[in-house]
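Working notes for the structure below.
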Amino acid sequence: MNDRLRKYRNRMMLGIFIVATLTALIPLFGILGYVVKNGLSALNLEFFINLPKAMGAPGGGMANAIVGTLIMVLIASLIGIPVGILTAIYLTEYDRTSWLSIGVRFATDVLTGIPSIIVGIVIYTAVVLKMGHFSALAGGLALAIIMIPLIIRSTEEMLKLVSHSIREAGYALGISKGRTILKIVLPTAAKGIITGAMLAVARVSGETAPLLFTALGNQYWARSLNEPIAALPVQIYQYATSPYKEWHQQAWAGSLVLISLVVILNLIARLAFRSRSN
Amino acid sequence: MGQSLSVSNLEAWYGSNRTLKGINMEISPKQVTAIIGPSGCGKSTFVRCINRMHETLPGTKVKGEILLDGESIYDQDPVALRKMVGMVFQKANPFPSMSIYDNVVAGLRLNGMKNRQTLHASAEKSLRMAALWDEVKDRLNYSGMSLSGGQQQRLCIARALAVEPSVLLMDEPASALDPIATTHIEELIRELKENYTILIVTHNMQQAARIADSTAFFLNGELVEHGPTSEIFTNPHDKRTEDYITGRFG
Amino acid sequence: MWKAKGSEEMSKKYKLTASLGDKTLRLLTLLMAISVLVLMVWMGWRMLDSARPSIDKFGFGFVTGRQWDPVKEQFGALPFIYGTIVTSLLALIIAAPIGLGVAIFLNEMAASGVRSVIAFLVEMLAAIPSVVYGLWGIFVLAPWLRETVEPGLAKLLGFIPLFQGTPLGFGMLAGGLILAVMILPTIAAISGEVMAAVPNEQREAALALGATKWEMIRIAVLPYAKSGILGGVMLGLGRALGETMAVTMVIGNRPDILSSLFAPAYSMAAVIANEFTEATYDLYLSALVEIGLILFGITLILNVFARLLVWSVARGPKGGIS
């Protein structure tokens, strides 16, 4: 094949890849654009302070949903982050090769790939049915199960990046293994571990499916963790699929708040980590 | 303060690979003993057996005896042993999450010492011994990583000295450094030997000739010859030693 | 002569002197690790247990049954399996080539500044919550499909059964398109990781022979990364199969098995999401859980295969996007 034809083909293929990339970015800007445009116009102070108003009457807000999301994400983090980090420590510092560690790694892979609605089903049958009611606790638990494998994976990666020579320096000074892990290895990997945790929190804040039959949702303030509770993504879903225009607008506003939270967490995490590794 | 080392029939395995094949050696106190030999001869493994670091790697095994001032090192907690036998590594490895000051006192602080004055006194003393005090005294809270390569290595030496070991093991401490930094380290070693027993692994024969009182030549996991440095280099007893020294193989 | 023993024996002797704190940490981390393993097993068992009534009653016919009638206590999962597969396949057909194209652009073509920005944007695409995709799907995508795209397709390609029937906007086409956007970042990211693992010597060898950039990619990079890319596509498929919110908001939620992409349908995850809280009796709930079990099983097998494929190229268990 002559050179000019090859050059032409080269340019064409490379051009196709650029087009593919631009095509991929169109929906991103499309979605973000609509969320910002429609959301901003419905976003006001009442949105953040008021409870939902029935049947799409104007003036309602998503205060309870925002708080509900924060509460359940907190519960999930309090469970998921320690379990995840400790498991990752076990896999990197104590046991990299045995059957148990292979099993745990396999379980982590499986848990990462589970559709989040399945997690909701399991918590429903195991917790909601047993307790007899929906609750913020059940919702938080479901989110924790989603968080755990994410934290294990990101923490493991960060711990592996710590050069083995650092650990040896610790042992050579007569520092025990446990202290070396806690006071030398963990602080060294801290920035990356925190980044991973932030990304997991961002991911879990946007989850809807596992909350549908664990936390259920609530048009009012939940008075305890043992009651159904509202959550931002669930509220957006209910409003979007409702027939009321006022609620549709609030769904956009809620989406704007949710996306802002997720994007900000992602940005901080990426920027903070980048400054370290470079 | 135990400072003499006695090694008998030391064997070491890495997996199924026998890296040390029966080492017998007496190391005199308050002297610099250099360990020389080609790559893979077992000199690093040997030195890492003395502070029982070899065992921390998976799949390793050790047989034989090592006496520190008459007592077996295998009769005690390895963590405690490593406070008596300190180590400096080939590539300087200051703790990245700590300042210069925190690095120096890490060995003391992480083992429970809290008294601020003691820590500070120890930090100054160790940094002076490592000939680093004047250069860092005004920036003790800067990160340990902000120093040059040679300074980082001296920081690691100060860190090791702060724990007040009796024996100092050095595994090619200057091999990653430029000639000027190397000279500083060598001067340091000459000063330190007044108070410490020093074992230094080196692939640089001229370095051994410069600073070591006695030299041991390892080959293929065996100790071929061990004697006063001048003798090893001018009048070796074993032909293999002579071949190595004259550069017939490297 | 006292014989010192190897490291395992030595540490047995000194377990007594290892500090309490050390032992506690080791025990604690071990417990946590075991609990993760137990969690997976327990979840699988719980699903099986809850689905048992349905499994016992319908047997294999559950998978082939076309009727889903809670009133008559007749449950067959085929419509949902159909809807799930069609939308996911459609998503794959669209997202795989584009995702691969993005990965090639980012890894082999873009300068590092451009690469960081665009890679970040693609990550943002992955970070958008499913429900927001669904919202956009309801109010932007579906109307656009109903008014512009579907009539257009019907006019051009209406002789194919796929593009016949009334354009509603909501249906399998909408589901497939939205899924395509959602799984594209997964495919792009994993293909990218796998391509980055191709050693540079391979690229240099091709270039040294006088290959153009595209030829180099075609000869040196893609064949080497082939199985990893396939793994990435499988992981994307896995994600598409399990997507719930965005799909249920645009797919129409009707348990029909129709041949046109314009027709409404139902997916496994969607029916669970919609009907779970309305399942008033045991068999109903159990049937829904069984659907979940099937979904779990399919995604599990897919994920395991996919990771093996990715691992074989990149030489190390791969984390990252999933």
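By convention in this document, the chains of the structure tokens carry letters A, B, ... by their order, each chain's residues are numbered from 1, and ligands are numbered from 1 in the order they are shown.
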Exercise for the section: Write out as a list in words the residues lying within 8 Å of Gly170 of chain A, counting only C-alpha atoms and excluding same-chain residues fewer than 4 positions away. Expected result: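 Near neighbours after the sequence-gap exclusion: Ile166, Gly174, Ile175, Ser176, Thr180 and Ile184 of chain A; Gly107 of chain B.
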What does the file look like for those residues with C-alpha atoms, as a PDB file, in the first residue's frame?
```pdb
ATOM      1  CA  ILE A 166      10.217   2.504  55.103  1.00  0.00           C
ATOM      2  CA  GLY A 174      13.327  -1.677  67.251  1.00  0.00           C
ATOM      3  CA  ILE A 175       9.774  -0.528  66.575  1.00  0.00           C
ATOM      4  CA  SER A 176       7.215  -3.314  66.697  1.00  0.00           C
ATOM      5  CA  THR A 180       5.255   0.609  62.475  1.00  0.00           C
ATOM      6  CA  ILE A 184       4.717   5.121  60.138  1.00  0.00           C
TER       7      ILE A 184
ATOM      8  CA  GLY B 107      12.952   5.227  67.536  1.00  0.00           C
TER       9      GLY B 107
END
```
Practice task
Give the helix (DSSP H, G or I) residues of segment 97-172 of chain C, as assigned by DSSP on the backbone, as a PyMOL selection string.
Solution key: chain C and resi 97-109+112-127+130-157+161-163+172
Exercise for the section: Find the spatial neighbours of Gly39 of chain A, counting only C-alpha atoms, within a cut-off of 8 Å - ignore same-chain residues fewer than 2 positions away - and output them as number ranges by chain. Expected result: A: 34-37, 41-43, 249-256
List every residue of chain A that has an atom at most 12 Å from any atom of chain B, and for each one report the closest atom pair and its distance in Å to one decimal, counting only C-alpha atoms, with rows sorted by chain and then by increasing residue number, as a Markdown table.
```
| residue | atom | partner | partner_atom | distance |
| --- | --- | --- | --- | --- |
| A:Glu93 | CA | B:Thr56 | CA | 11.6 |
| A:Tyr94 | CA | B:Pro58 | CA | 10.6 |
| A:Asp95 | CA | B:Pro58 | CA | 10.1 |
| A:Arg96 | CA | B:Pro58 | CA | 10.1 |
| A:Thr97 | CA | B:Pro58 | CA | 10.0 |
| A:Ser98 | CA | B:Pro58 | CA | 11.7 |
| A:Val162 | CA | B:Pro96 | CA | 9.6 |
| A:Ser163 | CA | B:Asn93 | CA | 9.0 |
| A:His164 | CA | B:Asn93 | CA | 9.7 |
| A:Ser165 | CA | B:Asn93 | CA | 6.5 |
| A:Ile166 | CA | B:Asn93 | CA | 5.9 |
| A:Arg167 | CA | B:Phe95 | CA | 9.1 |
| A:Glu168 | CA | B:Met53 | CA | 7.8 |
| A:Ala169 | CA | B:Asn93 | CA | 6.8 |
| A:Gly170 | CA | B:Gly107 | CA | 7.7 |
| A:Tyr171 | CA | B:Val79 | CA | 7.2 |
| A:Ala172 | CA | B:Arg82 | CA | 5.7 |
| A:Leu173 | CA | B:Gly107 | CA | 5.4 |
| A:Gly174 | CA | B:Arg82 | CA | 4.5 |
| A:Ile175 | CA | B:Val79 | CA | 6.4 |
| A:Ser176 | CA | B:Val79 | CA | 6.0 |
| A:Lys177 | CA | B:Val79 | CA | 8.7 |
| A:Gly178 | CA | B:Leu110 | CA | 10.8 |
| A:Arg179 | CA | B:Leu110 | CA | 7.1 |
| A:Thr180 | CA | B:Leu110 | CA | 8.5 |
| A:Ile181 | CA | B:Leu110 | CA | 11.4 |
| A:Leu182 | CA | B:Leu110 | CA | 10.2 |
| A:Lys183 | CA | B:Leu110 | CA | 7.7 |
| A:Ile184 | CA | B:Phe95 | CA | 7.0 |
| A:Val185 | CA | B:Ser97 | CA | 8.7 |
| A:Leu186 | CA | B:Ser97 | CA | 9.2 |
| A:Pro187 | CA | B:Ser97 | CA | 5.9 |
| A:Thr188 | CA | B:Ser97 | CA | 5.1 |
| A:Ala189 | CA | B:Ser97 | CA | 8.6 |
| A:Ala190 | CA | B:Ser97 | CA | 8.9 |
| A:Lys191 | CA | B:Ser97 | CA | 10.1 |
| A:Arg276 | CA | B:Pro96 | CA | 11.3 |
```
When you look at segment 203-206 of chain C with a cut-off of 7 Å (counting only C-alpha atoms), what residues show up, excluding the ones that are within fewer than 5 positions of it in the same chain? I need them as an mmCIF file with C-alpha atoms, in the first residue's frame.
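Once written, part-v3.cif looks like this:
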```
data_model
loop_
_atom_site.group_PDB
_atom_site.id
_atom_site.type_symbol
_atom_site.label_atom_id
_atom_site.label_comp_id
_atom_site.auth_asym_id
_atom_site.auth_seq_id
_atom_site.Cartn_x
_atom_site.Cartn_y
_atom_site.Cartn_z
ATOM 1 C CA ALA C 211 4.504 2.384 10.990
ATOM 2 C CA MET C 216 1.358 1.185 15.572
ATOM 3 C CA ALA C 220 1.454 -3.225 18.746
ATOM 4 C CA VAL C 221 -1.017 -1.929 21.295
#
```
Practice task
Please identify all polymer residues within 9 Å of segment 138-140 of chain C, counting only C-alpha atoms, omitting same-chain residues fewer than 3 positions from it, and present them as a PyMOL selection string.
Solution key: (chain A and resi 31+34+240-241) or (chain C and resi 133-135+143-145+169-170+249-250)
Problem - Spatial neighbours of segment 280-288 of chain C, max dist 8 Å, only C-alpha atoms, sep filter under 5 positions, as a VMD selection string - result: chain C and resid 50 to 55 70 73 75 271 to 272
If you keep N, CA and C atoms, can you produce a file of those selected residues as a CSV table (one decimal), in the first residue's frame?
```csv
chain,number,residue,atom,x,y,z
C,50,SER,N,-34.5,-16.4,50.8
C,50,SER,CA,-35.7,-15.6,50.5
C,50,SER,C,-36.3,-16.0,49.2
C,51,ALA,N,-35.5,-16.5,48.3
C,51,ALA,CA,-36.1,-16.8,47.0
C,51,ALA,C,-36.6,-18.2,46.9
C,52,ARG,N,-36.3,-19.0,48.0
C,52,ARG,CA,-36.7,-20.4,48.0
C,52,ARG,C,-38.1,-20.7,47.6
C,53,PRO,N,-39.1,-20.1,48.2
C,53,PRO,CA,-40.5,-20.4,47.9
C,53,PRO,C,-40.8,-20.3,46.4
C,54,SER,N,-40.2,-19.3,45.8
C,54,SER,CA,-40.4,-19.1,44.3
C,54,SER,C,-39.7,-20.1,43.5
C,55,ILE,N,-38.5,-20.4,43.9
C,55,ILE,CA,-37.7,-21.4,43.2
C,55,ILE,C,-38.4,-22.8,43.3
C,70,PRO,N,-49.2,-10.7,39.5
C,70,PRO,CA,-49.2,-10.9,40.9
C,70,PRO,C,-50.6,-11.2,41.4
C,73,GLU,N,-51.0,-14.8,41.0
C,73,GLU,CA,-49.8,-15.6,41.6
C,73,GLU,C,-49.1,-16.3,40.6
C,75,PHE,N,-45.8,-16.1,38.2
C,75,PHE,CA,-44.6,-15.3,38.0
C,75,PHE,C,-43.6,-15.9,37.0
C,271,VAL,N,-38.0,-3.8,37.8
C,271,VAL,CA,-39.2,-4.4,38.4
C,271,VAL,C,-39.0,-4.6,39.9
C,272,ILE,N,-37.8,-4.9,40.3
C,272,ILE,CA,-37.6,-5.0,41.7
C,272,ILE,C,-37.8,-3.7,42.4
```
Problem - For atom CA of Thr195 of chain A and atom CA of Ala269 of chain A, the interatomic separation in Å (one decimal) - result: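 Here the two named atoms are 4.8 Å from each other.
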